[in-house]
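Notes follow once the structure below has been shown.
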Amino acid sequence: NDPEGTNQLLGVSVSHGLPGLDKDIKNVLEMTAHESAKFKFETLAEAQGTGAKVEAALEKNARAAGTTGTFFFYYTGHGSPGSIYLQDGELRIEKIKAAMQKGRAGLGPMARLVFMLDSCYSGSNIDPLNLGLLPGTQAFNQLWVDDVVQKLTPNSWEEGSDYWKEIFVLMSSRANETSLAGENGSVFTVALKKAWDESIAGRLTMKDFVAKTKQYTQGHHPVEKFEPADLANEKMVD
């Protein structure tokens, strides 16, 4: 939103035999290279994707976003409930969040955090990200998404407001659902990129973008919630 803002992207991919993750990173880099965003990016792939390096990069990039910029963390690879699986083992969501908060300590909140995981069981990461305020991750329906959004908004999640003003959370899979990857990339990221290209070209709204992503996502069951609701009617680009 702010042409002077510093937008940072950290893209992490660790395959452990999964195909197409390089295509996922390429798709995300292409989206964030759009002139309306102009993200600076860092990628950690395969052997570089260790817990220590990812935590250090999370801290560094969260700090670099300043107070008017966006930090976008994207991960593609294996996941298990409450964690992502890196080169040297799992990294729990609590450590991911702690690293971002460490980067923002004493700086005031960044404008927005975009947090996207394309991995099996990625929806399970929502609850710990939200400090355990949800009753659980057993109900994977619209009411659950409504509850997630309510808890993640700064007014009701006071700790979050110290580190980011807005948060966009995108998870490829529900908490009990596996992710699907192929030679051309992971299903959710591929669908998101196709929807993005069409929405940008057609100068469509956020609502249109989400509808297209849901249409193109095969084998997953996306649900969404906009807060505030009128965000759905905003154009993707001016």
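Identifiers in the structure tokens: chain A, B, ... in order shown; residue index from 1 per chain; ligand index from 1 in order shown.
Residues in contact with Phe168 of chain A at 8 Å, where only C-alpha atoms are counted and same-chain residues fewer than 5 positions away are skipped, are listed as Arg112, Leu113, Val114 and Phe115 of chain A.
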From the DSSP assignment of the backbone, select every residue of chain A that is strand (DSSP E or B), and format the answer as number ranges by chain.
A: 8-14, 40-45, 70-77, 79-80, 83-86, 89-92, 110-118, 164-171, 181-182, 185-186, 205, 235
Could you check which of A:His78, A:Asp22, A:Leu170, A:Lys212 is closest to Lys225 of chain A, using only C-alpha atoms?
A:Leu170
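Near Tyr74 of chain A, within a cut-off of 10 Å and counting only C-alpha atoms, sit the residues A:Leu9, A:Leu10, A:Gly11, A:Val12, A:Ser13, A:Asp24, A:Ile25, A:Val28, A:Thr43, A:Val114, A:Phe115, A:Met116, A:Leu117, A:Asp118, A:Leu170, with same-chain residues fewer than 4 positions away left out.
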Do you know which residues are at most 6 Å from Ser83 of chain A counting only C-alpha atoms, after dropping those on the same chain fewer than 6 positions away, and could you put them as number ranges by chain?
A: 91-93
Same residues, N, CA and C atoms, output as a JSON list (two decimals), in the first residue's frame:
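out.json written:
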```
[["chain", "number", "residue", "atom", "x", "y", "z"],
["A", 91, "LEU", "N", 10.46, -27.88, 12.33],
["A", 91, "LEU", "CA", 10.50, -26.57, 12.97],
["A", 91, "LEU", "C", 9.08, -26.25, 13.40],
["A", 92, "ARG", "N", 8.87, -26.19, 14.71],
["A", 92, "ARG", "CA", 7.54, -25.97, 15.24],
["A", 92, "ARG", "C", 7.07, -24.54, 14.97],
["A", 93, "ILE", "N", 5.76, -24.40, 14.84],
["A", 93, "ILE", "CA", 5.19, -23.09, 14.56],
["A", 93, "ILE", "C", 5.52, -22.08, 15.66]]
```
Atom-to-atom span, atom CA of Val187 of chain A and atom CA of Lys235 of chain A, Å:
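Atom-to-atom, atom CA of Val187 of chain A to atom CA of Lys235 of chain A, that is 24.7 Å.
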Between atom CA of Ser122 of chain A and atom CA of Lys214 of chain A, measure the distance and give it in Å to one decimal.
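Value for the atom CA of Ser122 of chain A-atom CA of Lys214 of chain A distance: 16.7 Å.
Relative to atom CA of Leu204 of chain A, atom CA of Glu234 of chain A is found at 8.4 Å.
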Would you mind telling me which residue in A:Pro222, A:Glu90, A:Ala65, A:Thr70 lies nearest to Leu192 of chain A when using only C-alpha atoms?
A:Pro222
Neighbours of Lys60 of chain A within 10 Å (only C-alpha atoms; same-chain residues fewer than 6 positions away dropped), as a VMD selection string?
chain A and resid 8 10 54 99 to 100 102 to 104
Measuring atom to atom with only C-alpha atoms, identify which of A:Asn61, A:Ser179, A:Thr50, A:Ser172 is nearest to Asp88 of chain A.
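When distances to Asp88 of chain A are compared using only C-alpha atoms, the smallest one comes from A:Thr50.
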Using only C-alpha atoms, the best pick from A:Glu177, A:Asp238, A:Glu4, A:Asp208 as closest to Ser80 of chain A would be A:Glu177
Give me, as a list in words, all polymer residues having an atom no more than 12 Å from Ala37 of chain A, counting only C-alpha atoms and skipping those fewer than 5 positions away in the same chain.
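Those residues are Asn1, Asp2, Pro3, Glu4, Gly5, Thr6, Asn7, Gln8, Leu9, Leu29, Glu30, Met31, Thr32, Gly69, Thr70, Phe71, Phe72, Met236, Val237 and Asp238 of chain A.
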Let me see the file: selected residues, N, CA, C and O atoms, as a PDB file, in the first residue's frame.
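Now in again31.pdb:
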```pdb
ATOM      1  N   ASN A   1       0.810  -1.211   0.000  1.00  0.00           N
ATOM      2  CA  ASN A   1       0.000   0.000   0.000  1.00  0.00           C
ATOM      3  C   ASN A   1       0.842   1.258   0.000  1.00  0.00           C
ATOM      4  O   ASN A   1       0.466   2.267  -0.575  1.00  0.00           O
ATOM      5  N   ASP A   2       1.971   1.225   0.664  1.00  0.00           N
ATOM      6  CA  ASP A   2       2.843   2.385   0.784  1.00  0.00           C
ATOM      7  C   ASP A   2       3.985   2.240  -0.221  1.00  0.00           C
ATOM      8  O   ASP A   2       4.796   1.322  -0.107  1.00  0.00           O
ATOM      9  N   PRO A   3       4.086   3.144  -1.200  1.00  0.00           N
ATOM     10  CA  PRO A   3       5.152   3.011  -2.211  1.00  0.00           C
ATOM     11  C   PRO A   3       6.548   3.104  -1.629  1.00  0.00           C
ATOM     12  O   PRO A   3       7.510   2.647  -2.236  1.00  0.00           O
ATOM     13  N   GLU A   4       6.654   3.671  -0.427  1.00  0.00           N
ATOM     14  CA  GLU A   4       7.953   3.768   0.225  1.00  0.00           C
ATOM     15  C   GLU A   4       8.206   2.594   1.172  1.00  0.00           C
ATOM     16  O   GLU A   4       9.267   2.506   1.778  1.00  0.00           O
ATOM     17  N   GLY A   5       7.226   1.730   1.348  1.00  0.00           N
ATOM     18  CA  GLY A   5       7.368   0.605   2.261  1.00  0.00           C
ATOM     19  C   GLY A   5       8.358  -0.424   1.742  1.00  0.00           C
ATOM     20  O   GLY A   5       8.565  -0.569   0.539  1.00  0.00           O
ATOM     21  N   THR A   6       8.988  -1.134   2.656  1.00  0.00           N
ATOM     22  CA  THR A   6       9.936  -2.189   2.306  1.00  0.00           C
ATOM     23  C   THR A   6       9.244  -3.535   2.466  1.00  0.00           C
ATOM     24  O   THR A   6       8.887  -3.924   3.573  1.00  0.00           O
ATOM     25  N   ASN A   7       9.043  -4.222   1.352  1.00  0.00           N
ATOM     26  CA  ASN A   7       8.371  -5.513   1.368  1.00  0.00           C
ATOM     27  C   ASN A   7       9.392  -6.638   1.235  1.00  0.00           C
ATOM     28  O   ASN A   7      10.198  -6.653   0.302  1.00  0.00           O
ATOM     29  N   GLN A   8       9.362  -7.564   2.169  1.00  0.00           N
ATOM     30  CA  GLN A   8      10.334  -8.649   2.239  1.00  0.00           C
ATOM     31  C   GLN A   8       9.651  -9.995   2.032  1.00  0.00           C
ATOM     32  O   GLN A   8       8.583 -10.243   2.595  1.00  0.00           O
ATOM     33  N   LEU A   9      10.278 -10.846   1.238  1.00  0.00           N
ATOM     34  CA  LEU A   9       9.794 -12.209   1.037  1.00  0.00           C
ATOM     35  C   LEU A   9      10.881 -13.191   1.450  1.00  0.00           C
ATOM     36  O   LEU A   9      12.032 -13.075   1.026  1.00  0.00           O
ATOM     37  N   LEU A  29       7.746 -16.055  -6.480  1.00  0.00           N
ATOM     38  CA  LEU A  29       8.612 -14.933  -6.844  1.00  0.00           C
ATOM     39  C   LEU A  29       7.986 -14.105  -7.963  1.00  0.00           C
ATOM     40  O   LEU A  29       8.077 -12.872  -7.963  1.00  0.00           O
ATOM     41  N   GLU A  30       7.345 -14.764  -8.916  1.00  0.00           N
ATOM     42  CA  GLU A  30       6.708 -14.032 -10.011  1.00  0.00           C
ATOM     43  C   GLU A  30       5.550 -13.180  -9.502  1.00  0.00           C
ATOM     44  O   GLU A  30       5.363 -12.045  -9.950  1.00  0.00           O
ATOM     45  N   MET A  31       4.771 -13.714  -8.565  1.00  0.00           N
ATOM     46  CA  MET A  31       3.665 -12.925  -8.018  1.00  0.00           C
ATOM     47  C   MET A  31       4.174 -11.705  -7.259  1.00  0.00           C
ATOM     48  O   MET A  31       3.655 -10.603  -7.409  1.00  0.00           O
ATOM     49  N   THR A  32       5.187 -11.889  -6.448  1.00  0.00           N
ATOM     50  CA  THR A  32       5.653 -10.786  -5.605  1.00  0.00           C
ATOM     51  C   THR A  32       6.548  -9.803  -6.354  1.00  0.00           C
ATOM     52  O   THR A  32       6.884  -8.749  -5.817  1.00  0.00           O
ATOM     53  N   GLY A  69       6.017  -1.717   5.749  1.00  0.00           N
ATOM     54  CA  GLY A  69       6.176  -2.783   4.772  1.00  0.00           C
ATOM     55  C   GLY A  69       5.479  -4.076   5.159  1.00  0.00           C
ATOM     56  O   GLY A  69       4.868  -4.204   6.219  1.00  0.00           O
ATOM     57  N   THR A  70       5.606  -5.059   4.263  1.00  0.00           N
ATOM     58  CA  THR A  70       5.010  -6.378   4.421  1.00  0.00           C
ATOM     59  C   THR A  70       6.116  -7.416   4.508  1.00  0.00           C
ATOM     60  O   THR A  70       7.093  -7.357   3.757  1.00  0.00           O
ATOM     61  N   PHE A  71       5.950  -8.364   5.402  1.00  0.00           N
ATOM     62  CA  PHE A  71       6.812  -9.536   5.427  1.00  0.00           C
ATOM     63  C   PHE A  71       5.985 -10.734   4.997  1.00  0.00           C
ATOM     64  O   PHE A  71       4.954 -11.037   5.594  1.00  0.00           O
ATOM     65  N   PHE A  72       6.445 -11.416   3.945  1.00  0.00           N
ATOM     66  CA  PHE A  72       5.758 -12.579   3.389  1.00  0.00           C
ATOM     67  C   PHE A  72       6.654 -13.792   3.611  1.00  0.00           C
ATOM     68  O   PHE A  72       7.742 -13.875   3.047  1.00  0.00           O
ATOM     69  N   MET A 236      -7.515  -6.086  -6.830  1.00  0.00           N
ATOM     70  CA  MET A 236      -6.211  -6.673  -6.579  1.00  0.00           C
ATOM     71  C   MET A 236      -5.101  -5.646  -6.759  1.00  0.00           C
ATOM     72  O   MET A 236      -4.134  -5.598  -6.008  1.00  0.00           O
ATOM     73  N   VAL A 237      -5.223  -4.829  -7.811  1.00  0.00           N
ATOM     74  CA  VAL A 237      -4.292  -3.721  -8.032  1.00  0.00           C
ATOM     75  C   VAL A 237      -5.110  -2.510  -8.436  1.00  0.00           C
ATOM     76  O   VAL A 237      -6.201  -2.629  -9.000  1.00  0.00           O
ATOM     77  N   ASP A 238      -4.586  -1.327  -8.139  1.00  0.00           N
ATOM     78  CA  ASP A 238      -5.282  -0.091  -8.524  1.00  0.00           C
ATOM     79  C   ASP A 238      -5.095   0.171 -10.002  1.00  0.00           C
ATOM     80  O   ASP A 238      -4.124  -0.237 -10.611  1.00  0.00           O
TER      81      ASP A 238
END
```
